[in-house]
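Read the structure below first, then the notes.
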Amino acid sequence: MTSFPANQPANGPIGGVDNTIDVPGKRAQLVLNMEKFGQITTTVCRVNEAKHPPLAWYVAFAMSLGLLGLLGFCVLFLFFTGVGVWGLNNPVMWAFDITNFVFWVGIGHAGTLISAILFLFRQKWRTAINRFAEAMTIFAVICAGLFPGIHVGRVWFAYWLFPIPNQMEMWPQFRSPLLWDVFAVSTYFTVSLLFWYTGMVPDLATLRDRAKGKLQQLGYGLFALGWRGSNRHWHRYERAYLILAALSTPLVLSVHSVVSFDFATSQLPGWHTTIFPPYFVAGAIFSGFAMVVTLAVPAREMFGLKDIITLRHLDNMNKIILVTGCMVGYAYSMEFFIAWYSGAMYEKFAFINRAFGQYWWAYWIMVSCNVITPQLFWFKALRTSIPIMFVLSLVVNIGMWFERYVIIVTSLANDFLPSSWHNYIPTWVDIGTMVGAFGLFFTLFLLFCRFLPMIAMAEIKAVMPAADPHAGHDHGHGGHADGANAKGAH
Amino acid sequence: MSTVAHTTTSATPTGSKSKVLYGYIAEFETPGAVMAAAERVKAEGYERWDVCTPFPVHGMDKAMGVKRTILPVVIFGGGMTGTIAATLLQIFTNSTGLHIPIPIPITGYPFLISGKPLMSIPAFIPVMFELTVLFAALTAVFGMFIMNGLPRLSHPLFGSDRFRRVTNDRFFVVIEARDARFLPGKTEAFLKSLNPLSVEAVEE
């Protein structure tokens, strides 16, 4: 059993320094209680180098594996029986499957926002959270990709999604947003993976250089690609990284816009609206940040990373949750306004039906989780309270799942013709698949925490005060170390 | 405070091979120290040398006189290739009935759908955009590693135990023996004059 030092209180200022206080003219400390580069290395690598992960890791991993098993069972049951095992019916031909797809793609967006957009805006605090937020993106997109794959009905024809030459001389239909989605999501996955891996190479080299076992040396050594920290390499590396960030920024905005086109380009009342692309992107970032907080709070606790993922980082993320929550709230009300202002009878009905029809409960869960509760984050005391932010992040996750459910199911269930209306009720397979997807997500995430560098060490070191080549001379701090930090480096 | 350790005879597991000097490495503790040293090495006129650091040190490119990489131009080319590929792919498959016999026989299929013209460029833009980003990103990553001469499984510098801290908290100046100005005794003395923590000879 390895225990990580828990020398700080769970809440409030850490180690006597409260870095959530803004002092005009002074930058807040990003790393607490550490001045030397070696301390960062040992703190982060300890997670991977410990003989055994903490007990909490085993418990979480066992639970995740159980859910993953449930997912496997539900998916196989679907394959062997057919899509009839889901609760879909004639008007409601998309329900849990597409809700889950949009939910998981949305989760991924926060990772790219942190890694790319905050990078372009030179937000240095991103360095503590970008690695595992990017990992979250990749695992979320894996979960997302599962659903369109299994919902096609005859999964053995899933390759029809791609323009592959075939004996029927048929091609996909490139004027359909559904096909744009195939390209958007697969590009998003590939680029996120490249971005994540490129950022990780220097840190994998750190693990390689510290590895004691042959297996670790070989594994980390292969993936570190022979990185040796040459400045001539760093020069091209930084260029490539900057350009990747610049490419990922429009990409991430395009992905959820294209997802929203799946709905917006149809004629269905409740879907056919121009506000969808920005509204979906804001919602995606909102839900994604909530998931980052959900993951960061236990992870920093479990692995002793509170000095790196500080309260200020969490505070900043909660501010983004508040802002995007307000944007989502604005979009909800604007939808209603346009429904009334357009004078379109069907549009008006669709929205009144959403709020007061048979799915009223889903609508009001969505509004209270996404618009009302995040308003608590206006108060700093609540924004910096670990239990409150954790609960609120879960609430937002629930609310954002319901948002997609409301958009998809209520619009489909009651369209133009009352004679074709039909309610949707999920089956146990629907629910099992939804819950099981969390198993896949958390299994991958826990494996990542255990075996890969969870924090971008090289990037953190670069934003420390000691990294400034002119700092050491003038003020003496970060200067000549006594070598005490070097323990465990060899 | 800095102990100049000169360990030319470092223990090697297989001592049978004849040893060829790869170069000297000088170890520094702070980014500031290694930056000052880099400026001196550059002023001395060395060409086959490098600075190895745990993270990119701001201003080091200038101190070393590293030329700006042409990588962005290559990436632009990659991105444009993606745009053209996506345009041709969509027009061929959805707008024409063209038959291409090589390398495998494929035929386009003119889709007439939702009253749009056969060549409906606006509907093709999302895929054009996605493939532009995809090709550019692939070019950025693979281009960067290839131009850096990576991946490589081994490197003479990995033979030095001291150098292992380059990915942790130490900063190194490396002068290769291939450099025209390299003279074993003189270069070593020069590196020692830069006030490093240590100077070490590294073999191939």
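Quick note on naming: the chains in the structure tokens go A, B, ... in the order shown, residues restart at 1 in each chain, and ligands are numbered from 1 in order of appearance.
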
* Might you pull out every residue within 12 Å of Val73 of chain B, with only C-alpha atoms counted and same-chain residues fewer than 2 positions away left off, and present them as JSON, numbers by chain? => {"A": [239, 240, 243], "B": [68, 69, 70, 71, 75, 76, 77, 78, 79, 80, 136, 139, 140, 143, 144]}

* Could you list the residues in chain B lying within 7 Å of chain A, using only C-alpha atoms, and format the result as a count of residues only? => 43

* Shell around Leu131 of chain B at 7 Å using only C-alpha atoms, local window under 3 positions removed, as a list in words ->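 Once the adjacent positions are removed, what remains is Gly82, Thr83, Ala86, Val127, Met128, Leu134 and Phe135 of chain B.
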
Can you write out the residues you just picked, keeping N, CA and C atoms, as a PDB file, in the first residue's frame?
ATOM      1  N   GLY B  82      -4.604  18.212 -47.982  1.00  0.00           N
ATOM      2  CA  GLY B  82      -5.862  17.728 -47.418  1.00  0.00           C
ATOM      3  C   GLY B  82      -7.059  18.381 -48.079  1.00  0.00           C
ATOM      4  N   THR B  83      -6.975  19.697 -48.286  1.00  0.00           N
ATOM      5  CA  THR B  83      -8.088  20.407 -48.918  1.00  0.00           C
ATOM      6  C   THR B  83      -8.348  19.852 -50.314  1.00  0.00           C
ATOM      7  N   ALA B  86      -9.776  16.307 -50.262  1.00  0.00           N
ATOM      8  CA  ALA B  86     -11.198  16.265 -49.884  1.00  0.00           C
ATOM      9  C   ALA B  86     -12.069  16.756 -51.038  1.00  0.00           C
ATOM     10  N   VAL B 127     -16.303  18.720 -44.883  1.00  0.00           N
ATOM     11  CA  VAL B 127     -15.316  17.647 -45.036  1.00  0.00           C
ATOM     12  C   VAL B 127     -13.985  18.207 -45.535  1.00  0.00           C
ATOM     13  N   MET B 128     -14.065  19.225 -46.408  1.00  0.00           N
ATOM     14  CA  MET B 128     -12.816  19.868 -46.848  1.00  0.00           C
ATOM     15  C   MET B 128     -12.061  20.438 -45.661  1.00  0.00           C
ATOM     16  N   LEU B 134      -6.831  17.587 -40.566  1.00  0.00           N
ATOM     17  CA  LEU B 134      -6.246  16.259 -40.333  1.00  0.00           C
ATOM     18  C   LEU B 134      -4.877  16.135 -40.984  1.00  0.00           C
ATOM     19  N   PHE B 135      -4.799  16.506 -42.253  1.00  0.00           N
ATOM     20  CA  PHE B 135      -3.520  16.373 -42.970  1.00  0.00           C
ATOM     21  C   PHE B 135      -2.471  17.312 -42.362  1.00  0.00           C
TER      22      PHE B 135
END

* **Best match for closeness to Met63 of chain A among A:Leu452, A:Cys143, A:Val105, A:Leu440, counting only C-alpha atoms** =>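 Once distances to Met63 of chain A are computed over only C-alpha atoms, the minimum belongs to A:Leu440.
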
* To do: Per DSSP on the backbone, filter segment 17-136 of chain B down to the residues in alpha helix (DSSP H) and report them as a PyMOL selection string.
  => chain B and resi 31-44+60-64+71-95+121-136

* Report the residues of segment 145-184 of chain B whose backbone DSSP state falls under strand (DSSP E or B), written as a ChimeraX atom specification. => /B:171-176

* Asked: Just how far from atom CA of Val292 of chain A is atom CA of Val259 of chain A, in Å to one decimal?
  ->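 One can read the atom CA of Val259 of chain A to atom CA of Val292 of chain A distance as 21.4 Å.
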
Find the spatial neighbours of Lys186 of chain B, counting only C-alpha atoms, within a cut-off of 12 Å - ignore same-chain residues fewer than 6 positions away - and output them as a PDB file with N, CA, C and O atoms, in the first residue's frame.
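Done, and the output landed in out_31.pdb:
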ATOM      1  N   TYR B  24      31.945  16.199 -25.404  1.00  0.00           N
ATOM      2  CA  TYR B  24      31.932  16.533 -23.984  1.00  0.00           C
ATOM      3  C   TYR B  24      30.570  17.091 -23.603  1.00  0.00           C
ATOM      4  O   TYR B  24      29.945  17.804 -24.400  1.00  0.00           O
ATOM      5  N   GLU B  44      32.440  31.333 -29.282  1.00  0.00           N
ATOM      6  CA  GLU B  44      33.694  30.624 -29.536  1.00  0.00           C
ATOM      7  C   GLU B  44      33.749  30.069 -30.960  1.00  0.00           C
ATOM      8  O   GLU B  44      34.815  29.716 -31.443  1.00  0.00           O
ATOM      9  N   ILE B 175      29.184  19.480 -26.701  1.00  0.00           N
ATOM     10  CA  ILE B 175      29.997  19.821 -27.875  1.00  0.00           C
ATOM     11  C   ILE B 175      30.491  18.510 -28.475  1.00  0.00           C
ATOM     12  O   ILE B 175      31.112  17.691 -27.799  1.00  0.00           O
ATOM     13  N   ALA B 177      32.530  15.830 -30.903  1.00  0.00           N
ATOM     14  CA  ALA B 177      33.904  15.684 -31.377  1.00  0.00           C
ATOM     15  C   ALA B 177      34.007  15.945 -32.868  1.00  0.00           C
ATOM     16  O   ALA B 177      35.088  16.232 -33.381  1.00  0.00           O
ATOM     17  N   LYS B 192      35.120  23.749 -18.885  1.00  0.00           N
ATOM     18  CA  LYS B 192      35.333  23.934 -17.443  1.00  0.00           C
ATOM     19  C   LYS B 192      35.342  25.411 -17.077  1.00  0.00           C
ATOM     20  O   LYS B 192      34.939  25.788 -15.977  1.00  0.00           O
ATOM     21  N   SER B 193      35.787  26.227 -18.015  1.00  0.00           N
ATOM     22  CA  SER B 193      35.844  27.661 -17.738  1.00  0.00           C
ATOM     23  C   SER B 193      34.446  28.281 -17.695  1.00  0.00           C
ATOM     24  O   SER B 193      34.278  29.434 -17.296  1.00  0.00           O
TER      25      SER B 193
END

* So which residues touch Phe336 of chain A within 12 Å, counting only C-alpha atoms, skipping near sequence neighbours fewer than 2 positions away, as a list in words? -> Gly270, Thr273, Ile275, Gly329, Tyr330, Ala331, Tyr332, Ser333, Met334, Ile338, Ala339, Trp340, Tyr341, Ser342, Gly343, Ala344, Glu347, Lys348, Phe349, Ala350, Phe351, Ile352, Asn353, Arg354 and Ala355 of chain A

* Asked: Gly108 of chain B: which residues within 7 Å, counting only C-alpha atoms, same-chain residues fewer than 4 positions away excluded, as a list in words?
  ->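 The contact residues come out as Phe92, Thr93, Asn94, Thr96, Gly97, Leu98 and His99 of chain B.
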
* Extract, using only C-alpha atoms, all DNA, RNA and protein residues at most 9 Å from Asn89 of chain A, discarding same-chain residues fewer than 5 positions from it, and format them as a PyMOL selection string. => chain A and resi 84+94+422-424

* From the list A:Ile138, A:Pro426, A:Ile372, A:Gly213, which residue is nearest Lys51 of chain A when using only C-alpha atoms? -> A:Gly213
